[in-house]
Amino acid sequence: MDSARTDGAQGDGAGTAEAFSARLRAATWSDHGDNETSAYMSALVEGRLGRDEYAVLVARLHPVYELLEGAADRMAADPAAGPFDLPGLRRLEALEADLAFFYGPRWRARIEPSAATARYCDRLREVCFTWPGGFVAHHYTRYMGDLSGGQYIGLQVRKTLDLSAGDDGVRFYRFPGKPKAYKDRYRDLLDAAPWDAAEQERVIREVKTAYRLNAALTEELGEGLRPSAA
Ligand code: HEM
């Protein structure tokens, strides 16, 4: 799908012919950059992290996906938010399989809470269970990320952690369909969402918040890294 297409705007007085998916991406791309360039994510994709350092990221994301997927259950019947929970997109089961791989069957007892995860979870609880647009904002930030840069991250993780045995340790990045097909469908849903201009702006603001919460999470992980040899 061409993301620059012009047929997606709703007849809502938004005052722009630009599809919402394209506008959302453009309005938040600088916030995305803060995530991509964090010390932890850079170290991760450059192959400078060990298994234990990577496993902590998976552990920190667990409560985030637990809440997002609990909210997806709550939003299932909502005509705007429900359709975003596309079949095969949910990550919790794969994430738990990866945690069992890294921490063993008693992984729940071995993972520790963190301040940044707690703040992220507070916000998810605040907005994702009662506000469809807020749910979509947080859902978009994680799942479209997993389908995009996440695919590259997954390849790097597999390579640098020497995970050669099937999908063990990287199930989180494996979707049952082609990532591009999911992303096209997801953008179609964003473009069809029945939101007026004011609601679109609220969703954009919430995506910026979601990016900030993710950046704080990796910043916190970066504090625990060994100083680089450079
Ligand atoms: C090393 C870290 C990262 C890299 C290298 C990276 C890279 C990318 C790239 C190349 C795209 C564009 C893909 C495309 O247009 O098809 C993308 C999209 C995206 N990324 Fe990341 N990313 C990283 C981290 C993150 C993080 C931590 C998040 C949020 C939690 C995130 C959320 C997103 C989202 C939501 C999109 C879709 C934007 C859109 O097209 O609407 N990314 N990423």
# chains A, B, ... in the order shown; residues from 1 in each chain; ligands from 1
$ residues_near_ligand --ligand "ligand 1" --cutoff "9 Å" --atoms "only C-alpha atoms and all ligand atoms" --output "ChimeraX atom specification"
/A:3,21-26,28-29,32-38,40-46,138-153,180,183,187,207,210-215,218
$ write_last_selection --atoms "N, CA and C atoms" --output "compact mmCIF listing (two decimals), in the first residue's frame"
# COMPACT_ATOMS: atom_id res chain seq x y z
N SER A 3 1.76 4.57 1.35
CA SER A 3 1.37 5.31 2.55
C SER A 3 1.11 6.78 2.26
N SER A 21 -2.85 7.53 8.77
CA SER A 21 -1.65 6.72 9.05
C SER A 21 -0.37 7.48 8.69
N ALA A 22 -0.42 8.20 7.58
CA ALA A 22 0.76 8.95 7.14
C ALA A 22 1.00 10.15 8.05
N ARG A 23 -0.10 10.78 8.45
CA ARG A 23 0.02 11.95 9.32
C ARG A 23 0.55 11.55 10.70
N LEU A 24 0.06 10.44 11.20
CA LEU A 24 0.49 9.95 12.51
C LEU A 24 1.99 9.65 12.48
N ARG A 25 2.39 8.95 11.43
CA ARG A 25 3.81 8.60 11.32
C ARG A 25 4.67 9.86 11.25
N ALA A 26 4.26 10.82 10.39
CA ALA A 26 5.07 12.03 10.22
C ALA A 26 5.14 12.84 11.51
N THR A 28 5.05 11.86 14.52
CA THR A 28 5.68 11.21 15.68
C THR A 28 7.06 10.65 15.35
N TRP A 29 7.53 10.83 14.12
CA TRP A 29 8.77 10.17 13.71
C TRP A 29 9.98 10.65 14.50
N HIS A 32 10.08 8.72 17.57
CA HIS A 32 10.59 7.38 17.29
C HIS A 32 12.12 7.39 17.35
N GLY A 33 12.72 8.43 16.79
CA GLY A 33 14.18 8.50 16.73
C GLY A 33 14.83 8.37 18.10
N ASP A 34 14.22 8.94 19.14
CA ASP A 34 14.79 8.85 20.48
C ASP A 34 14.88 7.40 20.94
N ASN A 35 13.97 6.56 20.44
CA ASN A 35 13.99 5.15 20.80
C ASN A 35 15.10 4.41 20.06
N GLU A 36 15.17 4.72 18.76
CA GLU A 36 16.10 4.00 17.89
C GLU A 36 17.54 4.26 18.31
N THR A 37 17.81 5.48 18.80
CA THR A 37 19.20 5.86 19.05
C THR A 37 19.59 5.73 20.52
N SER A 38 18.73 5.18 21.37
CA SER A 38 19.11 5.06 22.78
C SER A 38 20.32 4.14 22.91
N TYR A 40 20.96 1.71 24.83
CA TYR A 40 20.66 0.28 24.94
C TYR A 40 20.29 -0.31 23.58
N MET A 41 19.38 0.38 22.84
CA MET A 41 18.95 -0.16 21.55
C MET A 41 20.12 -0.18 20.56
N SER A 42 20.96 0.86 20.62
CA SER A 42 22.13 0.87 19.73
C SER A 42 23.02 -0.32 20.04
N ALA A 43 23.28 -0.54 21.34
CA ALA A 43 24.14 -1.67 21.73
C ALA A 43 23.50 -2.99 21.29
N LEU A 44 22.18 -3.05 21.39
CA LEU A 44 21.47 -4.28 21.02
C LEU A 44 21.65 -4.59 19.53
N VAL A 45 21.36 -3.59 18.69
CA VAL A 45 21.43 -3.88 17.25
C VAL A 45 22.87 -3.96 16.75
N GLU A 46 23.81 -3.41 17.51
CA GLU A 46 25.22 -3.51 17.09
C GLU A 46 25.88 -4.78 17.64
N HIS A 138 -1.36 3.28 22.00
CA HIS A 138 -0.34 2.43 22.64
C HIS A 138 -0.15 1.12 21.87
N HIS A 139 -1.22 0.61 21.33
CA HIS A 139 -1.17 -0.63 20.55
C HIS A 139 -0.30 -0.39 19.31
N TYR A 140 -0.59 0.68 18.59
CA TYR A 140 0.19 1.06 17.40
C TYR A 140 1.68 1.15 17.73
N THR A 141 2.01 1.85 18.80
CA THR A 141 3.42 2.10 19.10
C THR A 141 4.19 0.80 19.30
N ARG A 142 3.61 -0.16 19.97
CA ARG A 142 4.32 -1.42 20.20
C ARG A 142 4.23 -2.35 18.99
N TYR A 143 3.03 -2.63 18.50
CA TYR A 143 2.88 -3.69 17.49
C TYR A 143 3.40 -3.25 16.13
N MET A 144 3.18 -2.01 15.73
CA MET A 144 3.75 -1.57 14.45
C MET A 144 5.28 -1.52 14.58
N GLY A 145 5.77 -1.22 15.78
CA GLY A 145 7.22 -1.26 16.01
C GLY A 145 7.75 -2.68 15.89
N ASP A 146 7.04 -3.63 16.46
CA ASP A 146 7.47 -5.04 16.40
C ASP A 146 7.47 -5.54 14.95
N LEU A 147 6.53 -5.01 14.15
CA LEU A 147 6.43 -5.43 12.75
C LEU A 147 7.43 -4.70 11.85
N SER A 148 8.05 -3.63 12.39
CA SER A 148 8.94 -2.80 11.56
C SER A 148 10.39 -3.01 12.02
N GLY A 149 10.92 -2.04 12.79
CA GLY A 149 12.29 -2.18 13.30
C GLY A 149 12.46 -3.46 14.09
N GLY A 150 11.39 -3.93 14.72
CA GLY A 150 11.45 -5.15 15.52
C GLY A 150 11.94 -6.35 14.71
N GLN A 151 11.60 -6.37 13.41
CA GLN A 151 12.03 -7.49 12.58
C GLN A 151 13.55 -7.48 12.41
N TYR A 152 14.09 -6.30 12.26
CA TYR A 152 15.55 -6.14 12.14
C TYR A 152 16.21 -6.48 13.49
N ILE A 153 15.62 -5.98 14.57
CA ILE A 153 16.15 -6.25 15.91
C ILE A 153 16.18 -7.77 16.15
N LYS A 180 4.67 -7.20 6.40
CA LYS A 180 4.18 -6.13 5.52
C LYS A 180 2.66 -6.20 5.36
N LYS A 183 1.15 -4.72 8.39
CA LYS A 183 1.30 -3.26 8.44
C LYS A 183 0.35 -2.55 7.48
N ARG A 187 -2.50 0.02 8.72
CA ARG A 187 -2.63 1.41 8.23
C ARG A 187 -4.02 1.64 7.65
N VAL A 207 0.46 8.82 21.21
CA VAL A 207 1.57 8.05 20.62
C VAL A 207 2.90 8.68 21.06
N ALA A 210 3.54 7.47 24.38
CA ALA A 210 3.97 6.05 24.35
C ALA A 210 5.44 5.95 23.96
N TYR A 211 5.86 6.74 22.98
CA TYR A 211 7.28 6.72 22.59
C TYR A 211 8.16 7.16 23.76
N ARG A 212 7.72 8.19 24.49
CA ARG A 212 8.51 8.68 25.64
C ARG A 212 8.63 7.59 26.71
N LEU A 213 7.54 6.88 26.95
CA LEU A 213 7.56 5.82 27.97
C LEU A 213 8.48 4.68 27.54
N ASN A 214 8.50 4.39 26.23
CA ASN A 214 9.41 3.36 25.74
C ASN A 214 10.86 3.81 25.82
N ALA A 215 11.09 5.09 25.50
CA ALA A 215 12.45 5.62 25.57
C ALA A 215 12.95 5.56 27.02
N THR A 218 14.09 2.03 27.85
CA THR A 218 15.42 1.61 27.36
C THR A 218 16.53 2.47 27.98
$ select_by_dssp --residues "stretch 68-220 of chain A" --states "alpha helix (DSSP H)" --output "VMD selection string"
chain A and resid 68 to 75 92 to 103 107 to 110 115 to 127 132 to 147 149 to 160 179 to 192 197 to 220
$ residues_around --residues "A:Arg119" --least-positions-apart "2" --cutoff "12 Å" --atoms "only C-alpha atoms" --output "list in words"
Arg60, Pro63, Val64, Pro113, Ser114, Ala115, Ala116, Thr117, Cys121, Asp122, Arg123, Leu124, Arg125, Glu126, Thr209, Ala210, Arg212, Leu213, Asn214, Ala215, Ala216, Leu217 and Glu220 of chain A
$ residues_around --residues "A:Thr130" --least-positions-apart "5" --cutoff "10 Å" --atoms "only C-alpha atoms" --output "PyMOL selection string"
chain A and resi 71+74-75+125+135
$ closest_residue --among "A:Asp191, A:Glu112, A:Glu93, A:Glu18" --to "A:Ala59" --atoms "only C-alpha atoms"
A:Glu112
$ closest_residue --among "A:Val136, A:Cys128, A:Leu86, A:Ala94" --to "A:Ala193" --atoms "only C-alpha atoms"
A:Val136
$ atom_distance --atom1 "atom CA of A:Asp78" --atom2 "atom CA of A:Glu199"
15.8 Å
